[in-house]
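Asks: Next up is a structure, given as structure tokens.
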Amino acid sequence: MRITDLQYYLALADYRNFSQVSDKFGVSQPTISLAMQRLEKELGAKLILRHAAQKNVHLTYAGKVLRQHAAAMVEQYQVAQTEIKRINQESLLIGLPPIIQVAYFPAIATVLSDDSLTHLKTVEVGAQEAIDQLRNGELDASFVSYLDDIDQSEFNLIPFDEQPFAILAADDYPLAQQGSVSFADLKDEKFILLKGNFVHTQAFNQLARTAHIQANVLFNSSEPYGILSLIQQNRGIGFMVAHPALTFPGVTALPITDDDQPLFKVGFAYRKDLVLTDEQQQIFNELLAATKYGRPDHRIPPLEE
């Protein structure tokens with residue numbers, strides 16, 4: 001069975017028109033017809049019904065069954081292609097959300113060997129995007145942040161830290177003198193928030209919704225230190241995980257007093273069916289061992305001479 005035949009079939013199942021499928025792939029209509037004939041012969045079943053008058057096709061019951069399985073087959077083939085390409089490059093591709101890159105990865109990278117760092121490729125992704133790319137094979141593994149438990153039917157997840165969120169304000173801002181704050185007290189404040197990070201947005205919206213406030217968002221950015229700089233200038237207040245690596249001169253982190261507040265959880269996730277070369281496995285093993293050094297309360301061991 002040819003993978004291109006399945007790709008043609010899936011397109012035909014969507015478009016229901018031979019002409020549109022041939023245009024999509026840049027091949028002749030007879031090429032598509034021959035592919036359908038091969039599939040029907042191999043499977044011993046009629047897959048499509050052609051209606052010349054209407055110039056379209058319909059799927060038989062067997063055709064609908066194939067459509068369901070063909071989509072998974074083509075997806076797995078594409079995942080295999082992606083992973084084999086990385087094998088040839090002897091690299092390991094991991095997802096790295098911005099906050100984890102700033103708050104956790106520097107300590108983790110400190111205990112990785114030079115060889116592993118050389119062959120470790122990182123992609124900046126949001127939390128939900130990381131899970132999606134793991135699922136379709138675009139990433140070998142990923143650091144992930146999350147609030148609620150992640151479905152582990154397809155993934156293995158190794159949690160290694162969790163921290164509360166905090167409200168950030170300039171040291172000379174009146175709010176900073178309170179020592180702590182509830183979300184209900186923030187209804188008249190202007191916020192400078194992270195964008196493109198599913199977890200921070202989800203946690204902020206959860207707290208705002210529970211406190212019955214409509215937040216006034218002045219500005220969004222994907223750069224944590226850019227946000228901290230604006231907060232230092234008294235342009236607004238912020239909401240971020242309370243991590244020691246995210247301290248900033250002139251900015252105070254205020255604990256949130258609301259009940260049942262969410263926690264920022266961090267873990268290392270990878271697909272259960274992940275297949276690695278010996279070289280990739282070495283990098284992977286070092287990453288697994290290094291995750292504990294990303295914890296704020298863990299001392300980084302000295303490098304061996």
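Ordering of the structure tokens sets the chain letters (A, B, ...), residue numbers begin anew at 1 in every chain, and ligands are numbered from 1 in the order given.
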Would you mind listing what lies within 12 Å of stretch 118-126 of chain A as a VMD selection string, with only C-alpha atoms counted and same-chain residues fewer than 3 positions away left out?
Replies: chain A and resid 86 to 102 105 109 112 to 115 129 to 134 138 to 146 194 to 201 222 to 223 279 to 284 286 to 287
Asks: Could you list, as an mmCIF file with N, CA and C atoms, in the first residue's frame, every residue within 8 Å of A:Arg67, counting only C-alpha atoms and ignoring same-chain residues fewer than 3 positions away?
Replies:
```
data_model
loop_
_atom_site.group_PDB
_atom_site.id
_atom_site.type_symbol
_atom_site.label_atom_id
_atom_site.label_comp_id
_atom_site.auth_asym_id
_atom_site.auth_seq_id
_atom_site.Cartn_x
_atom_site.Cartn_y
_atom_site.Cartn_z
ATOM 1 N N TYR A 9 -6.459 9.560 -1.265
ATOM 2 C CA TYR A 9 -7.793 9.113 -0.825
ATOM 3 C C TYR A 9 -8.373 10.062 0.230
ATOM 4 N N LEU A 10 -7.565 10.462 1.173
ATOM 5 C CA LEU A 10 -8.051 11.365 2.217
ATOM 6 C C LEU A 10 -8.482 12.712 1.617
ATOM 7 N N ALA A 13 -11.752 12.158 -0.082
ATOM 8 C CA ALA A 13 -12.815 12.040 0.911
ATOM 9 C C ALA A 13 -13.256 13.419 1.407
ATOM 10 N N GLY A 63 -15.459 2.672 2.522
ATOM 11 C CA GLY A 63 -14.675 3.876 2.315
ATOM 12 C C GLY A 63 -14.593 4.739 3.560
ATOM 13 N N LYS A 64 -15.689 4.800 4.305
ATOM 14 C CA LYS A 64 -15.696 5.575 5.552
ATOM 15 C C LYS A 64 -14.791 4.935 6.595
ATOM 16 N N ALA A 70 -7.034 5.561 7.605
ATOM 17 C CA ALA A 70 -6.023 6.159 6.735
ATOM 18 C C ALA A 70 -5.457 7.433 7.342
ATOM 19 N N ALA A 71 -6.307 8.205 8.000
ATOM 20 C CA ALA A 71 -5.835 9.447 8.628
ATOM 21 C C ALA A 71 -4.769 9.148 9.668
#
```
Asks: Out of stretch 52-253 of chain A, which residues get helix (DSSP H, G or I) from DSSP, as a count of residues only?
Replies: 91
Asks: Smallest atom-to-atom distance to A:His51: which of A:Arg209, A:Arg2, A:Arg16, A:Lys187, using only C-alpha atoms?
Replies: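 Going through A:Arg209, A:Arg2, A:Arg16, A:Lys187 one by one, the smallest distance to A:His51 is for A:Arg16.
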Asks: Among stretch 26-199 of chain A, which residues does DSSP mark as strand (DSSP E) when it is run on the backbone? Keep the chain and numbering as in the structure and answer as a ChimeraX atom specification.
Replies: /A:48-51,56-59,92-95,120-123,141-146,155-170,190-194
Asks: Contacts of A:Asn56 at 10 Å or less, counting only C-alpha atoms, minus same-chain residues fewer than 3 places along, as a list in words?
Replies: Leu12, Tyr15, Arg16, Asn17, Phe18, Ser19, Leu49, Arg50, His51, Ala52 and Ala53 of chain A
Asks: Go through A:Gln163, A:Gln214, A:Gln37, A:Asn234 one by one, measure the shortest atom-to-atom distance of each to A:Ala103 using only C-alpha atoms, and give the residue with the smallest value.
Replies: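 Using only C-alpha atoms, A:Ala103 sits closest to A:Gln163.
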Asks: For atom CA of A:Asp185 and atom CA of A:Phe248, determine how far apart the two atoms are, in Å to one decimal place.
Replies: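 Computing it gives 23.4 Å between the two atoms.
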Asks: Using only C-alpha atoms, which of A:Val65, A:Ile231, A:Leu218, A:Val74 sits nearest A:Asp5?
Replies: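 The answer is A:Val74, which sits nearest to A:Asp5.
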Asks: Between A:Ala11, A:Thr60, A:Arg271, A:Phe264, single out the one closest to A:Asp23, counting only C-alpha atoms.
Replies: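 Once distances to A:Asp23 are computed over only C-alpha atoms, the minimum belongs to A:Ala11.
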Asks: For the atom pair atom CA of A:Gly26 and atom CA of A:His58, what is the interatomic distance in Å to one decimal place?
Replies: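 Taking atom CA of A:Gly26 as the start and atom CA of A:His58 as the end point, the length is 22.3 Å.
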Asks: I'd like the interatomic distance between atom CA of A:Pro244 and atom CA of A:Val266, to a tenth of an Å.
Replies: 14.8 Å
Asks: Measuring between only C-alpha atoms, which one of A:Leu117, A:Val57, A:Leu34, A:Ala170 shows the shortest distance to A:Ser229?
Replies: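 That would be A:Ala170, the residue with the smallest distance to A:Ser229.
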Asks: Neighbouring residues of A:Lys46 were defined as those with any atom within 7 Å, considering only C-alpha atoms; residues of the same chain fewer than 2 positions away were excluded. Please report them as a ChimeraX atom specification.
Replies: /A:40,48,60,62
Asks: Deliver the residues from the most recent selection as a file, using N, CA, C and O atoms, as a compact mmCIF listing (two decimals), in the first residue's frame.
Replies:
```txt
# COMPACT_ATOMS: atom_id res chain seq x y z
N GLU A 40 -8.71 -0.15 -3.82
CA GLU A 40 -9.88 -1.04 -3.84
C GLU A 40 -9.46 -2.48 -4.11
O GLU A 40 -10.01 -3.42 -3.52
N ILE A 48 -15.40 4.05 -3.20
CA ILE A 48 -16.07 5.28 -3.63
C ILE A 48 -17.09 4.97 -4.71
O ILE A 48 -16.98 3.99 -5.44
N THR A 60 -18.38 4.79 0.21
CA THR A 60 -19.16 3.64 0.66
C THR A 60 -18.91 3.47 2.16
O THR A 60 -18.08 4.17 2.76
N ALA A 62 -17.38 0.94 3.47
CA ALA A 62 -15.97 0.53 3.56
C ALA A 62 -15.06 1.75 3.38
O ALA A 62 -14.01 1.85 4.03
```
Asks: If you take only C-alpha atoms and a cut-off of 8 Å, which residues of stretch 130-215 of chain A touch stretch 272-275 of chain A, and what are their nearest atom pairs and distances in Å to one decimal, in chain and number order, as CSV?
Replies:
```
residue,atom,partner,partner_atom,distance
A:Asp140,CA,A:Leu274,CA,7.1
A:Glu154,CA,A:Lys272,CA,5.9
A:Phe155,CA,A:Lys272,CA,5.2
A:Asn156,CA,A:Lys272,CA,5.9
```
Asks: Any chance you can output those residues with all heavy atoms as a PDB file, in the first residue's frame?
Replies:
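For reference, out-v7.pdb as written:
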```pdb
ATOM      1  N   ASP A 140      10.443  15.702  20.287  1.00  0.00           N
ATOM      2  CA  ASP A 140      10.779  14.434  20.927  1.00  0.00           C
ATOM      3  C   ASP A 140      10.297  14.438  22.376  1.00  0.00           C
ATOM      4  O   ASP A 140       9.845  13.422  22.900  1.00  0.00           O
ATOM      5  CB  ASP A 140      12.291  14.207  20.892  1.00  0.00           C
ATOM      6  CG  ASP A 140      12.801  14.004  19.477  1.00  0.00           C
ATOM      7  OD1 ASP A 140      12.170  13.235  18.730  1.00  0.00           O
ATOM      8  OD2 ASP A 140      13.819  14.621  19.116  1.00  0.00           O
ATOM      9  N   GLU A 154      -1.163   9.087  26.345  1.00  0.00           N
ATOM     10  CA  GLU A 154      -0.166   9.075  25.270  1.00  0.00           C
ATOM     11  C   GLU A 154       1.213   9.494  25.744  1.00  0.00           C
ATOM     12  O   GLU A 154       2.209   9.257  25.056  1.00  0.00           O
ATOM     13  CB  GLU A 154      -0.595  10.013  24.142  1.00  0.00           C
ATOM     14  CG  GLU A 154      -1.898   9.653  23.459  1.00  0.00           C
ATOM     15  CD  GLU A 154      -2.255  10.667  22.391  1.00  0.00           C
ATOM     16  OE1 GLU A 154      -1.567  10.689  21.353  1.00  0.00           O
ATOM     17  OE2 GLU A 154      -3.200  11.446  22.611  1.00  0.00           O
ATOM     18  N   PHE A 155       1.306  10.107  26.920  1.00  0.00           N
ATOM     19  CA  PHE A 155       2.566  10.693  27.367  1.00  0.00           C
ATOM     20  C   PHE A 155       2.989  10.145  28.725  1.00  0.00           C
ATOM     21  O   PHE A 155       2.163   9.722  29.530  1.00  0.00           O
ATOM     22  CB  PHE A 155       2.438  12.214  27.506  1.00  0.00           C
ATOM     23  CG  PHE A 155       1.858  12.886  26.307  1.00  0.00           C
ATOM     24  CD1 PHE A 155       0.567  13.367  26.322  1.00  0.00           C
ATOM     25  CD2 PHE A 155       2.602  13.036  25.155  1.00  0.00           C
ATOM     26  CE1 PHE A 155       0.021  13.992  25.225  1.00  0.00           C
ATOM     27  CE2 PHE A 155       2.067  13.651  24.036  1.00  0.00           C
ATOM     28  CZ  PHE A 155       0.778  14.128  24.071  1.00  0.00           C
ATOM     29  N   ASN A 156       4.289  10.186  28.961  1.00  0.00           N
ATOM     30  CA  ASN A 156       4.829  10.050  30.304  1.00  0.00           C
ATOM     31  C   ASN A 156       5.171  11.450  30.786  1.00  0.00           C
ATOM     32  O   ASN A 156       5.757  12.243  30.041  1.00  0.00           O
ATOM     33  CB  ASN A 156       6.090   9.177  30.305  1.00  0.00           C
ATOM     34  CG  ASN A 156       5.769   7.716  30.060  1.00  0.00           C
ATOM     35  OD1 ASN A 156       4.777   7.200  30.575  1.00  0.00           O
ATOM     36  ND2 ASN A 156       6.590   7.046  29.281  1.00  0.00           N
TER      37      ASN A 156
END
```
Asks: When distances are computed from only C-alpha atoms, which of A:Ala107, A:Leu157, A:Leu6, A:Ala211 shows the smallest separation from A:Gln68?
Replies: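 The shortest atom-to-atom distance to A:Gln68 comes from A:Leu6.
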